[in-house]
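Undergrad: Right, I'll just put the structure down here and ask away after.
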Amino acid sequence: WKPIESAPKDGTEVLCWREDCGQFIAKHTSASSFPITQADIDALDEETLFSQDWFTQWPQAIRLDGSETPTHWMPLQAPPIDEGAT
């Protein structure tokens, strides 16, 4: 595990860890990077819509801040290769 300060900040999904909840997948991005409705966009001010934070995976896309911010991270492993696929 690496300190969260060293994690990529380009929207790459990574495996994160926090003592209170264990492992989860998240990415450092903004709310604007998720498929949200126009009503959701209208409900957010520009700072909230475009500010960069840690978010859980889509479809929840929950902003993680304060004590919810992950403390450690590691790259996700590549998915297994199906050698029987043609």
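In the structure tokens, chains take the letters A, B, ... in the order shown, each chain's residues start at 1, and ligands count up from 1 in the order shown.
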Quick one: residues within 12 Å of A:Gln60, only C-alpha atoms counted, chain neighbours fewer than 6 positions away excluded, as a PDB file with all heavy atoms, in the first residue's frame?
TA:
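Output saved as out.pdb:
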ATOM      1  N   ILE A  25     -12.851   0.683  -4.438  1.00  0.00           N
ATOM      2  CA  ILE A  25     -12.318   1.290  -5.657  1.00  0.00           C
ATOM      3  C   ILE A  25     -12.795   2.731  -5.727  1.00  0.00           C
ATOM      4  O   ILE A  25     -13.970   3.024  -5.479  1.00  0.00           O
ATOM      5  CB  ILE A  25     -12.761   0.496  -6.897  1.00  0.00           C
ATOM      6  CG1 ILE A  25     -12.154  -0.902  -6.844  1.00  0.00           C
ATOM      7  CG2 ILE A  25     -12.344   1.218  -8.172  1.00  0.00           C
ATOM      8  CD1 ILE A  25     -12.635  -1.830  -7.937  1.00  0.00           C
ATOM      9  N   ALA A  26     -11.871   3.626  -6.059  1.00  0.00           N
ATOM     10  CA  ALA A  26     -12.209   5.042  -6.161  1.00  0.00           C
ATOM     11  C   ALA A  26     -11.292   5.696  -7.190  1.00  0.00           C
ATOM     12  O   ALA A  26     -10.337   5.086  -7.669  1.00  0.00           O
ATOM     13  CB  ALA A  26     -12.072   5.727  -4.805  1.00  0.00           C
ATOM     14  N   ALA A  31     -17.058  15.809 -10.049  1.00  0.00           N
ATOM     15  CA  ALA A  31     -18.419  15.328 -10.305  1.00  0.00           C
ATOM     16  C   ALA A  31     -18.780  15.459 -11.781  1.00  0.00           C
ATOM     17  O   ALA A  31     -19.550  14.667 -12.311  1.00  0.00           O
ATOM     18  CB  ALA A  31     -19.413  16.098  -9.440  1.00  0.00           C
ATOM     19  N   PHE A  34     -18.725  12.350 -14.315  1.00  0.00           N
ATOM     20  CA  PHE A  34     -19.694  11.269 -14.262  1.00  0.00           C
ATOM     21  C   PHE A  34     -20.913  11.609 -15.112  1.00  0.00           C
ATOM     22  O   PHE A  34     -21.243  12.787 -15.283  1.00  0.00           O
ATOM     23  CB  PHE A  34     -20.136  11.011 -12.812  1.00  0.00           C
ATOM     24  CG  PHE A  34     -19.038  10.480 -11.952  1.00  0.00           C
ATOM     25  CD1 PHE A  34     -18.330  11.321 -11.116  1.00  0.00           C
ATOM     26  CD2 PHE A  34     -18.700   9.136 -11.989  1.00  0.00           C
ATOM     27  CE1 PHE A  34     -17.307  10.844 -10.315  1.00  0.00           C
ATOM     28  CE2 PHE A  34     -17.682   8.638 -11.190  1.00  0.00           C
ATOM     29  CZ  PHE A  34     -16.983   9.492 -10.360  1.00  0.00           C
ATOM     30  N   PRO A  35     -21.598  10.585 -15.628  1.00  0.00           N
ATOM     31  CA  PRO A  35     -22.829  10.852 -16.385  1.00  0.00           C
ATOM     32  C   PRO A  35     -23.953  11.287 -15.435  1.00  0.00           C
ATOM     33  O   PRO A  35     -24.544  10.450 -14.761  1.00  0.00           O
ATOM     34  CB  PRO A  35     -23.146   9.522 -17.065  1.00  0.00           C
ATOM     35  CG  PRO A  35     -22.433   8.494 -16.259  1.00  0.00           C
ATOM     36  CD  PRO A  35     -21.257   9.174 -15.607  1.00  0.00           C
ATOM     37  N   ILE A  36     -24.188  12.579 -15.342  1.00  0.00           N
ATOM     38  CA  ILE A  36     -25.230  13.097 -14.455  1.00  0.00           C
ATOM     39  C   ILE A  36     -26.258  13.861 -15.281  1.00  0.00           C
ATOM     40  O   ILE A  36     -25.971  14.331 -16.381  1.00  0.00           O
ATOM     41  CB  ILE A  36     -24.644  13.988 -13.336  1.00  0.00           C
ATOM     42  CG1 ILE A  36     -23.808  15.136 -13.901  1.00  0.00           C
ATOM     43  CG2 ILE A  36     -23.807  13.164 -12.381  1.00  0.00           C
ATOM     44  CD1 ILE A  36     -23.229  16.072 -12.841  1.00  0.00           C
TER      45      ILE A  36
END
Undergrad: Using DSSP on the backbone coordinates, identify all residues within chain A classified as alpha helix (DSSP H); present the result as number ranges by chain.
TA: A: 38-43, 46-50
Undergrad: Work out how far apart atom CA of A:Leu44 and atom CA of A:Thr56 are and give it in Å to one decimal.
TA: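 The value is 18.3 Å.
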Undergrad: At what distance in Å, to one decimal, does atom CA of A:Asp45 lie from atom CA of A:Val14?
TA: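 Separation between atom CA of A:Val14 and atom CA of A:Asp45: 27.3 Å.
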Undergrad: Under the rule that only C-alpha atoms are counted, which of A:Thr48, A:Pro80, A:Glu19, A:Trp73 is the nearest residue to A:Ser32?
TA: A:Thr48
Undergrad: Which residues are close to A:Leu76, i.e. within 12 Å by only C-alpha atoms, leaving aside same-chain residues fewer than 5 positions away? Reply as a list in words.
TA: Trp1, Ala7, Pro8, Thr12, Glu13, Val14, Leu15, Cys16, Gln23, Phe24, Ile25, Ala26 and Lys27 of chain A
Undergrad: How would the residues just picked look written out with C-alpha atoms as a tab-separated table (two decimals), in the first residue's frame?
TA:
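Saved to selection25.tsv:
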chain	number	residue	atom	x	y	z
A	1	TRP	CA	0.00	0.00	0.00
A	7	ALA	CA	-2.01	8.26	-5.99
A	8	PRO	CA	-2.73	9.32	-9.58
A	12	THR	CA	-7.57	6.52	-12.92
A	13	GLU	CA	-9.50	4.04	-10.78
A	14	VAL	CA	-7.35	2.58	-8.01
A	15	LEU	CA	-7.83	0.24	-5.08
A	16	CYS	CA	-8.14	2.40	-1.97
A	23	GLN	CA	-10.78	-1.77	0.56
A	24	PHE	CA	-12.81	-0.02	-2.13
A	25	ILE	CA	-12.32	1.29	-5.66
A	26	ALA	CA	-12.21	5.04	-6.16
A	27	LYS	CA	-10.74	7.72	-8.41
Undergrad: DSSP on the backbone: what in chain A comes out strand (DSSP E or B), as a list in words?
TA: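 Matching residues for strand (DSSP E or B) in chain A are Lys2, Pro3, Val14, Leu15, Cys16, Trp17, Arg18, Gly22, Gln23, Phe24, Ile25, Ala26, Lys27, His28, Thr29, Asp53, Trp54, Phe55, Thr56, Arg63, Leu64, His72, Trp73, Met74 and Pro75 of chain A.
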Undergrad: Skip A:His28 itself and residues of its chain fewer than 3 positions away, then list as a ChimeraX atom specification all residues within 7 Å of it, counting only C-alpha atoms.
TA: /A:9-11,52-55
Undergrad: Could you write out that same residue set with all heavy atoms as a JSON list (two decimals), in the first residue's frame?
TA:
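Result file follows (again-v3.json):
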[["chain", "number", "residue", "atom", "x", "y", "z"],
["A", 9, "LYS", "N", -3.84, 11.42, -9.95],
["A", 9, "LYS", "CA", -4.92, 12.42, -9.84],
["A", 9, "LYS", "C", -5.54, 12.70, -11.21],
["A", 9, "LYS", "O", -6.03, 13.78, -11.47],
["A", 9, "LYS", "CB", -4.38, 13.73, -9.24],
["A", 9, "LYS", "CG", -3.68, 13.57, -7.90],
["A", 9, "LYS", "CD", -4.65, 13.29, -6.78],
["A", 9, "LYS", "CE", -4.08, 13.46, -5.41],
["A", 9, "LYS", "NZ", -3.16, 12.45, -4.96],
["A", 10, "ASP", "N", -5.49, 11.69, -12.10],
["A", 10, "ASP", "CA", -5.96, 11.88, -13.47],
["A", 10, "ASP", "C", -7.26, 11.12, -13.77],
["A", 10, "ASP", "O", -7.61, 10.91, -14.91],
["A", 10, "ASP", "CB", -4.88, 11.45, -14.45],
["A", 10, "ASP", "CG", -4.51, 9.97, -14.31],
["A", 10, "ASP", "OD1", -5.09, 9.27, -13.45],
["A", 10, "ASP", "OD2", -3.64, 9.52, -15.07],
["A", 11, "GLY", "N", -7.97, 10.69, -12.73],
["A", 11, "GLY", "CA", -9.22, 9.96, -12.93],
["A", 11, "GLY", "C", -9.05, 8.46, -13.05],
["A", 11, "GLY", "O", -10.02, 7.74, -13.28],
["A", 52, "GLN", "N", -11.89, 18.89, -7.72],
["A", 52, "GLN", "CA", -11.36, 17.53, -7.71],
["A", 52, "GLN", "C", -11.37, 16.95, -6.30],
["A", 52, "GLN", "O", -10.94, 17.61, -5.35],
["A", 52, "GLN", "CB", -9.92, 17.55, -8.23],
["A", 52, "GLN", "CG", -9.79, 18.03, -9.66],
["A", 52, "GLN", "CD", -9.88, 16.90, -10.65],
["A", 52, "GLN", "OE1", -9.31, 15.86, -10.46],
["A", 52, "GLN", "NE2", -10.62, 17.12, -11.72],
["A", 53, "ASP", "N", -11.88, 15.75, -6.18],
["A", 53, "ASP", "CA", -11.93, 15.02, -4.92],
["A", 53, "ASP", "C", -11.87, 13.53, -5.23],
["A", 53, "ASP", "O", -11.94, 13.13, -6.39],
["A", 53, "ASP", "CB", -13.23, 15.30, -4.15],
["A", 53, "ASP", "CG", -13.23, 16.62, -3.41],
["A", 53, "ASP", "OD1", -12.24, 16.89, -2.71],
["A", 53, "ASP", "OD2", -14.21, 17.36, -3.54],
["A", 54, "TRP", "N", -11.85, 12.72, -4.18],
["A", 54, "TRP", "CA", -11.97, 11.28, -4.35],
["A", 54, "TRP", "C", -13.45, 10.93, -4.46],
["A", 54, "TRP", "O", -14.27, 11.44, -3.71],
["A", 54, "TRP", "CB", -11.34, 10.56, -3.16],
["A", 54, "TRP", "CG", -9.85, 10.57, -3.26],
["A", 54, "TRP", "CD1", -9.00, 11.41, -2.60],
["A", 54, "TRP", "CD2", -9.05, 9.77, -4.10],
["A", 54, "TRP", "NE1", -7.72, 11.17, -2.98],
["A", 54, "TRP", "CE2", -7.71, 10.16, -3.91],
["A", 54, "TRP", "CE3", -9.31, 8.75, -5.02],
["A", 54, "TRP", "CZ2", -6.65, 9.56, -4.58],
["A", 54, "TRP", "CZ3", -8.25, 8.16, -5.68],
["A", 54, "TRP", "CH2", -6.95, 8.55, -5.46],
["A", 55, "PHE", "N", -13.78, 10.04, -5.40],
["A", 55, "PHE", "CA", -15.15, 9.56, -5.60],
["A", 55, "PHE", "C", -15.13, 8.05, -5.66],
["A", 55, "PHE", "O", -14.20, 7.45, -6.19],
["A", 55, "PHE", "CB", -15.72, 10.07, -6.93],
["A", 55, "PHE", "CG", -16.12, 11.52, -6.92],
["A", 55, "PHE", "CD1", -15.18, 12.51, -7.11],
["A", 55, "PHE", "CD2", -17.45, 11.89, -6.73],
["A", 55, "PHE", "CE1", -15.53, 13.85, -7.11],
["A", 55, "PHE", "CE2", -17.81, 13.22, -6.73],
["A", 55, "PHE", "CZ", -16.86, 14.20, -6.92]]
Undergrad: Between A:Ser51, A:Ile81, A:Glu68, A:Lys2, single out the one closest to A:Asp20, counting only C-alpha atoms.
TA: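 Going through A:Ser51, A:Ile81, A:Glu68, A:Lys2 one by one, the smallest distance to A:Asp20 is for A:Glu68.
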Undergrad: Could you check which of A:Ser30, A:Gln77, A:Gln38, A:Ser6 is closest to A:Arg63, using only C-alpha atoms?
TA: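 Of all the options, A:Ser30 lies closest to A:Arg63.
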Undergrad: One number please: atom CA of A:Gly66 to atom CA of A:Ala39, in Å, one decimal.
TA: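 These atoms are spaced 26.3 Å apart.
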Undergrad: Quick one: of A:Gly84, A:Thr37, A:Ala61, A:Pro70, who's nearest to A:Trp17, counting only C-alpha atoms?
TA: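 Answer, going by the shortest atom-to-atom distance: A:Pro70.
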